[in-house]
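With mmCIF, C-alpha atoms inside, this is protein_23.cif:
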data_protein
#
loop_
_atom_site.label_atom_id
_atom_site.label_comp_id
_atom_site.auth_asym_id
_atom_site.auth_seq_id
_atom_site.Cartn_x
_atom_site.Cartn_y
_atom_site.Cartn_z
CA MET U 7 21.92 101.68 140.53
CA THR U 8 19.93 103.28 137.82
CA GLY U 9 20.79 105.44 134.86
CA PRO U 10 21.88 104.93 131.25
CA TRP U 11 24.13 101.91 131.99
CA THR U 12 21.20 100.08 133.56
CA SER U 13 19.24 100.58 130.34
CA ILE U 14 22.16 99.40 128.19
CA ARG U 15 22.60 96.23 130.29
CA ARG U 16 18.90 95.52 129.99
CA VAL U 17 19.12 95.87 126.16
CA LEU U 18 22.21 93.64 125.94
CA ARG U 19 20.34 90.90 127.83
CA GLU U 20 17.49 90.94 125.33
CA PRO U 21 17.25 87.56 123.46
CA LEU U 22 16.10 89.36 120.30
CA LEU U 23 19.37 91.31 120.18
CA HIS U 24 21.41 88.12 120.57
CA PHE U 25 19.47 86.56 117.70
CA ALA U 26 20.01 89.64 115.50
CA ILE U 27 23.77 89.63 116.17
CA LEU U 28 24.01 85.89 115.48
CA GLY U 29 22.06 86.31 112.25
CA ALA U 30 24.27 89.15 111.11
CA GLY U 31 27.37 87.06 111.81
CA VAL U 32 26.05 84.12 109.84
CA PHE U 33 25.14 86.44 106.98
CA TRP U 34 28.65 87.95 106.99
CA LEU U 35 30.33 84.55 106.98
CA GLY U 36 28.10 83.39 104.16
CA THR U 37 28.93 86.47 102.15
CA LEU U 38 32.64 85.91 102.71
CA ALA U 39 32.39 82.27 101.69
CA ASN U 40 30.58 83.20 98.48
CA ASP U 41 32.86 86.09 97.59
CA PRO U 42 33.75 85.54 93.94
CA ASP U 43 37.13 87.17 94.51
CA GLU U 44 38.03 84.74 97.28
CA PRO U 45 40.06 81.81 95.88
CA ASP U 46 38.70 78.29 96.25
CA ARG U 47 40.38 76.67 99.27
CA THR U 48 39.24 73.14 98.47
CA LEU U 49 41.84 70.68 97.22
CA VAL U 50 40.54 67.26 96.20
CA VAL U 51 43.13 64.71 95.09
CA SER U 52 41.09 62.69 92.62
CA ARG U 53 41.39 58.95 92.23
CA ASP U 54 42.88 59.45 88.74
CA VAL U 55 45.57 61.77 90.12
CA GLN U 56 46.39 59.32 92.93
CA GLU U 57 46.72 56.46 90.47
CA ARG U 58 48.95 58.54 88.19
CA ILE U 59 51.19 59.54 91.11
CA VAL U 60 51.55 55.93 92.23
CA ALA U 61 52.15 54.72 88.65
CA ASP U 62 54.89 57.32 88.14
CA LEU U 63 56.47 56.36 91.46
CA GLU U 64 56.36 52.65 90.58
CA ALA U 65 58.02 53.35 87.22
CA LYS U 66 60.73 55.34 88.99
CA LEU U 67 61.34 52.72 91.70
CA GLY U 68 61.00 49.70 89.44
CA ARG U 69 58.68 48.04 91.97
CA PRO U 70 55.34 48.66 93.69
CA PRO U 71 55.76 51.38 96.33
CA SER U 72 55.09 50.74 100.00
CA GLU U 73 52.16 52.42 101.73
CA ALA U 74 54.53 54.93 103.33
CA GLU U 75 56.13 55.74 99.98
CA ARG U 76 52.70 56.09 98.39
CA THR U 77 51.55 58.48 101.14
CA GLN U 78 54.77 60.49 100.88
CA ALA U 79 54.41 60.82 97.10
CA ILE U 80 50.81 62.02 97.36
CA ASP U 81 51.76 64.44 100.14
CA GLY U 82 54.51 65.77 97.88
CA TRP U 83 52.01 66.29 95.07
CA VAL U 84 49.68 68.14 97.47
CA ASP U 85 52.56 70.39 98.60
CA GLY U 86 53.33 71.21 94.99
CA GLU U 87 49.67 71.87 94.16
CA LEU U 88 49.30 74.19 97.15
CA LEU U 89 52.37 76.17 96.10
CA TYR U 90 51.13 76.23 92.50
CA ARG U 91 47.72 77.60 93.49
CA GLU U 92 49.18 80.21 95.79
CA GLY U 93 51.63 81.19 93.06
CA LEU U 94 48.74 81.69 90.65
CA ALA U 95 46.90 83.73 93.27
CA LEU U 96 49.96 85.97 93.64
CA GLY U 97 50.23 86.32 89.87
CA LEU U 98 53.66 84.70 89.69
CA ASP U 99 52.67 83.08 86.38
CA ARG U 100 52.25 86.44 84.67
CA ASP U 101 54.83 87.80 82.24
CA ASP U 102 56.80 84.54 82.39
CA PRO U 103 57.41 83.38 78.79
CA MET U 104 58.27 79.82 79.83
CA VAL U 105 55.06 79.41 81.84
CA ARG U 106 53.05 81.05 79.04
CA GLN U 107 54.50 78.73 76.39
CA ARG U 108 53.90 75.66 78.54
CA VAL U 109 50.25 76.62 79.08
CA ILE U 110 49.84 77.29 75.34
CA GLN U 111 51.27 73.86 74.52
CA LYS U 112 48.96 72.13 76.98
CA MET U 113 45.97 74.06 75.64
CA GLU U 114 46.90 73.11 72.07
CA PHE U 115 47.04 69.46 73.14
CA VAL U 116 43.68 69.70 74.89
CA SER U 117 42.09 71.52 71.94
CA THR U 118 43.22 68.91 69.43
CA ASN U 119 42.52 65.84 71.58
CA LEU U 120 39.04 66.54 72.96
CA GLU U 121 37.73 63.47 71.19
CA VAL U 122 39.31 60.42 69.65
CA PRO U 123 38.46 60.48 65.93
CA GLN U 124 37.78 57.32 64.01
CA GLU U 125 40.85 55.80 62.39
CA PRO U 126 40.85 56.67 58.67
CA ASP U 127 40.51 53.86 56.15
CA ASP U 128 42.79 53.41 53.15
CA ALA U 129 40.36 55.17 50.81
CA THR U 130 40.48 58.30 52.99
CA LEU U 131 44.27 58.18 53.13
CA ARG U 132 44.59 57.69 49.38
CA ALA U 133 42.32 60.70 48.78
CA PHE U 134 44.42 62.76 51.20
CA MET U 135 47.60 61.65 49.42
CA ALA U 136 46.16 62.54 46.00
CA ARG U 137 45.78 66.21 47.03
CA ALA U 138 49.58 66.70 47.06
CA PRO U 139 51.30 63.59 45.68
CA GLU U 140 54.67 65.37 45.42
CA ARG U 141 54.73 65.55 49.21
CA TRP U 142 55.39 61.81 49.40
CA ALA U 143 57.43 61.45 46.22
CA GLY U 144 60.97 60.17 46.27
CA PRO U 145 63.91 62.61 46.17
CA PRO U 146 64.65 64.51 42.94
CA ARG U 147 67.46 63.28 40.70
CA TYR U 148 70.20 65.41 39.18
CA ASP U 149 72.27 65.29 36.00
CA PHE U 150 75.45 67.25 36.68
CA MET U 151 79.06 67.97 35.84
CA VAL U 152 81.96 68.65 38.19
CA LEU U 153 85.11 70.35 36.92
CA THR U 154 88.14 70.56 39.23
CA LEU U 155 90.84 73.18 38.66
CA PRO U 156 94.01 72.53 40.69
CA ARG U 157 95.85 75.57 42.02
CA LEU U 158 99.15 76.26 40.22
CA PRO U 159 102.24 76.86 42.37
CA GLU U 160 102.54 80.49 41.26
CA GLU U 161 98.84 81.36 41.83
CA THR U 162 98.02 83.61 44.76
CA ASP U 163 94.37 84.39 43.95
CA ASP U 164 91.37 82.87 42.21
CA ALA U 165 91.54 85.02 39.05
CA ARG U 166 92.00 82.02 36.73
CA ALA U 167 89.10 80.15 38.32
CA GLN U 168 86.86 83.24 38.08
CA GLN U 169 87.76 83.63 34.40
CA ALA U 170 86.95 79.96 33.77
CA LEU U 171 83.61 80.38 35.56
CA GLU U 172 82.69 83.41 33.45
CA SER U 173 83.62 81.53 30.24
CA LEU U 174 81.47 78.55 31.22
CA ARG U 175 78.53 80.80 32.08
CA ALA U 176 78.94 82.41 28.65
CA GLY U 177 78.58 78.99 27.01
CA ALA U 178 82.18 77.83 26.56
CA ASP U 179 82.89 74.12 26.11
CA PRO U 180 83.94 72.74 29.53
CA LYS U 181 86.79 70.83 27.85
CA SER U 182 88.34 74.14 26.76
CA VAL U 183 88.76 75.20 30.38
CA GLY U 184 91.02 72.33 31.34
CA GLY U 185 91.09 70.63 34.72
CA ARG U 186 89.55 67.28 35.66
CA HIS U 187 86.01 66.46 34.63
CA ALA U 188 83.40 64.16 36.18
CA SER U 189 79.70 63.84 35.48
CA GLY U 190 76.71 61.81 36.53
CA LYS U 191 73.05 61.28 35.74
CA GLY U 192 70.15 60.47 38.02
CA PHE U 193 71.99 61.13 41.27
CA SER U 194 70.00 61.97 44.39
CA ALA U 195 71.33 64.55 46.85
CA ALA U 196 72.29 61.74 49.19
CA ASN U 197 74.21 59.97 46.39
CA LEU U 198 76.02 63.21 45.55
CA MET U 199 77.01 63.89 49.13
CA GLY U 200 78.25 60.35 49.61
CA THR U 201 80.31 60.38 46.39
CA TYR U 202 81.55 63.97 46.11
CA GLY U 203 81.14 65.35 49.62
CA PRO U 204 78.56 67.52 51.37
CA GLU U 205 79.64 70.83 49.77
CA ILE U 206 79.23 69.62 46.19
CA GLY U 207 76.06 67.70 47.06
CA ALA U 208 74.49 70.80 48.61
CA ALA U 209 75.57 73.01 45.68
CA VAL U 210 74.02 70.68 43.10
CA ALA U 211 70.78 70.44 45.09
CA GLU U 212 70.48 74.24 45.26
CA LEU U 213 71.54 75.23 41.72
CA PRO U 214 68.88 75.79 39.07
CA PRO U 215 69.36 73.72 35.88
CA GLY U 216 71.85 75.30 33.45
CA GLU U 217 73.75 77.20 36.16
CA TRP U 218 77.40 77.00 37.15
CA ALA U 219 78.82 77.63 40.63
CA MET U 220 82.36 77.76 42.01
CA LEU U 221 83.46 76.20 45.28
CA PRO U 222 86.93 76.44 46.82
CA ASN U 223 88.67 73.21 47.75
CA PRO U 224 91.99 72.60 49.57
CA GLY U 225 93.90 72.11 46.29
CA GLY U 226 92.14 74.65 44.09
CA TRP U 227 88.56 75.17 42.91
CA THR U 228 85.58 73.05 41.93
CA LEU U 229 83.16 74.25 39.27
CA VAL U 230 79.75 72.61 39.48
CA HIS U 231 77.08 72.54 36.78
CA VAL U 232 73.53 71.23 36.94
CA GLU U 233 72.34 69.97 33.55
CA ALA U 234 68.85 68.75 34.48
CA VAL U 235 66.63 67.88 37.45
CA GLN U 236 64.12 65.03 37.37
CA PRO U 237 61.30 65.26 39.94
CA GLY U 238 61.13 62.46 42.44
CA GLU U 239 59.00 59.52 41.44
CA GLY U 240 55.80 58.81 43.32
CA LEU U 241 56.10 56.02 45.86
CA PRO U 242 53.51 53.26 46.14
CA PHE U 243 50.87 53.83 48.80
CA GLU U 244 51.59 50.48 50.47
CA LYS U 245 55.20 51.52 51.11
CA ILE U 246 54.43 54.87 52.72
CA ARG U 247 51.02 54.26 54.32
CA ASN U 248 52.34 55.01 57.82
CA ARG U 249 53.86 58.31 56.68
CA VAL U 250 50.60 59.32 55.02
CA LEU U 251 48.68 58.35 58.16
CA LEU U 252 50.91 60.47 60.40
CA ASP U 253 50.60 63.46 58.05
CA PHE U 254 46.83 62.97 57.85
CA LYS U 255 46.52 63.03 61.64
CA ALA U 256 48.79 66.07 61.91
CA SER U 257 46.66 67.86 59.32
CA ARG U 258 43.48 66.98 61.20
CA ARG U 259 44.96 68.25 64.48
CA GLY U 260 45.94 71.48 62.78
CA THR U 261 42.40 71.92 61.45
CA ALA U 262 40.91 71.22 64.89
CA LEU U 263 43.21 73.76 66.52
CA ARG U 264 42.36 76.42 63.93
CA GLU U 265 38.64 75.83 64.46
CA ARG U 266 39.12 76.09 68.22
CA LEU U 267 41.04 79.35 67.86
CA ASP U 268 38.40 80.78 65.52
CA GLU U 269 35.74 79.92 68.10
CA LEU U 270 37.76 81.54 70.89
CA ARG U 271 38.19 84.73 68.87
CA THR U 272 34.41 85.11 68.77
CA ARG U 273 34.39 85.14 72.59
CA TYR U 274 37.16 87.71 73.05
CA ALA U 275 37.46 91.33 71.98
CA VAL U 276 41.05 91.63 70.78
CA SER U 277 42.60 95.07 70.40
CA LEU U 278 46.10 96.50 70.17
CA GLU U 279 46.97 99.22 72.63
CA PRO U 280 48.13 102.31 70.73
#
Could you spell out this file's structure in structure tokens?
Amino acid sequence: MTGPWTSIRRVLREPLLHFAILGAGVFWLGTLANDPDEPDRTLVVSRDVQERIVADLEAKLGRPPSEAERTQAIDGWVDGELLYREGLALGLDRDDPMVRQRVIQKMEFVSTNLEVPQEPDDATLRAFMARAPERWAGPPRYDFMVLTLPRLPEETDDARAQQALESLRAGADPKSVGGRHASGKGFSAANLMGTYGPEIGAAVAELPPGEWAMLPNPGGWTLVHVEAVQPGEGLPFEKIRNRVLLDFKASRRGTALRERLDELRTRYAVSLEP
């Protein structure tokens, strides 16, 4: 039998055609494998990850895990990693504020812990402390007066207390107002709260010197006056060294993060969509 089919069969039996088809297939597979849009399908569980998984499991169990438990834990981690990668490929991480915040936090940690800086000596810490000594000073102290006006049986409003407050603000002698008087000097906010209660302690701590304020109380009204405020005294370095050290490290981490962000901004074109 002759004709076109005989010619086609003859061509299909040619070794050169087989070689060309095989070469094209290999080329296609290689192109697919190197496609930059194709996600990486390799999952290597590093030795560090294995050790961390086993250490976490041991801490949870309170004993060394068996080989079966170890294998199960690593398999569980692999399952989670596979789901995580596929979730990223599907874009499930996008527009999720919780995921975004978690990634930001991890990136901040990485950016500020890329290298372990040398521990600062006392001279460095003292110099850091000298830049803002008030930051580590003791609490301020207050000189104050408290005047309590009991409510009279016939009173239905706070008109008398308001009148007393206006008189005091105009410079009247507190003794002319009546009521019960108490005063103190050099009290910290904590001392005030412990002695007179949180409301009066907070009012004294917030009032500028020379001001009066009125607070209601169950039996009437309390008029509070701040006479003077003494700044907190500086504390000796030896007593607060650990606090200064923690603040120094926090400051250094903040500087490292800012430098990292400045560097990243040079690599990105940031614009606001109109």
Residue neighbourhood Glu205 in chain U, 10 Å, only C-alpha atoms, exclusion window fewer than 3 positions, as a PyMOL selection string: chain U and resi 198-199+202+208-210+221-223
Write out as a VMD selection string the residues lying within 12 Å of Leu67 in chain U, counting all atoms listed in the file and excluding same-chain residues fewer than 6 positions away. chain U and resid 60 to 61 75 to 76 79
Resolved residues for the PyMOL selection byres ((chain U and resi 225-236) around 8) as a ChimeraX atom specification: /U:146-157,167,171,192,206,209-210,213-224,237-238
Restricting the calculation to all atoms listed in the file, which member of U:Pro103, U:Gly82, U:Gly97, U:Gly184 is positioned closest to Arg166 in chain U?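 Of U:Pro103, U:Gly82, U:Gly97, U:Gly184, the one nearest Arg166 in chain U is U:Gly184, counting all atoms listed in the file.
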Distance CA of Leu158 in chain U-CA of Ser189 in chain U, one decimal place? 23.6 Å
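The list of residues with at least one atom within 10 Å of Leu49 in chain U, based on all atoms listed in the file and without residues fewer than 3 positions apart in the same chain, reads Asp46, Ser52, Val84, Glu87, Leu88 and Arg91 of chain U.
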For range 252-267 of chain U: contacts at 8 Å, all atoms listed in the file, fewer than 3 positions along chain excluded, given as a PyMOL selection string: chain U and resi 114+117-119+131+134+248-249+270-271
Would you mind listing what lies within 12 Å of Thr77 in chain U as a compact mmCIF listing (two decimals) with C-alpha atoms, keeping the file's coordinate frame, with only C-alpha atoms counted and same-chain residues fewer than 5 positions away left out?
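As a result, part.txt now contains:
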# COMPACT_ATOMS: atom_id res chain seq x y z
CA GLN U 56 46.39 59.32 92.93
CA GLU U 57 46.72 56.46 90.47
CA ILE U 59 51.19 59.54 91.11
CA VAL U 60 51.55 55.93 92.23
CA LEU U 63 56.47 56.36 91.46
CA PRO U 71 55.76 51.38 96.33
CA SER U 72 55.09 50.74 100.00
CA GLY U 82 54.51 65.77 97.88
CA TRP U 83 52.01 66.29 95.07
CA VAL U 84 49.68 68.14 97.47
Build an axis-aligned box that encloses every atom of range 167-178 of chain U listed in the file, pad it by 4 Å on each side, and report its centre and edge lengths in Å to one decimal, as JSON.
{"center_x": 83.8, "center_y": 80.7, "center_z": 32.4, "size_x": 18.6, "size_y": 13.8, "size_z": 19.8}
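Here CA of Glu212 in chain U stands at a distance of 13.8 Å from CA of Phe193 in chain U.
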Once the PyMOL selection byres ((chain U and resi 140) around 10) has been applied to the shown file, what residues remain in the selection, as a list of chain:residue names?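 That expression, the PyMOL selection byres ((chain U and resi 140) around 10), corresponds here to U:Met135, U:Ala136, U:Arg137, U:Ala138, U:Pro139, U:Arg141, U:Trp142, U:Ala143, U:Gly144, U:Pro145, U:Pro237, U:Gly238, U:Glu239, U:Gly240, U:Leu241.
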Atom-to-atom span, CA of Leu174 in chain U and CA of His187 in chain U, Å: 13.4 Å
I need the residue nearest Val250 in chain U from this list: U:Thr48, U:Gln124, U:Asn197, U:Thr130. Use all atoms listed in the file for the distance.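 That would be U:Thr130, the residue with the smallest distance to Val250 in chain U.
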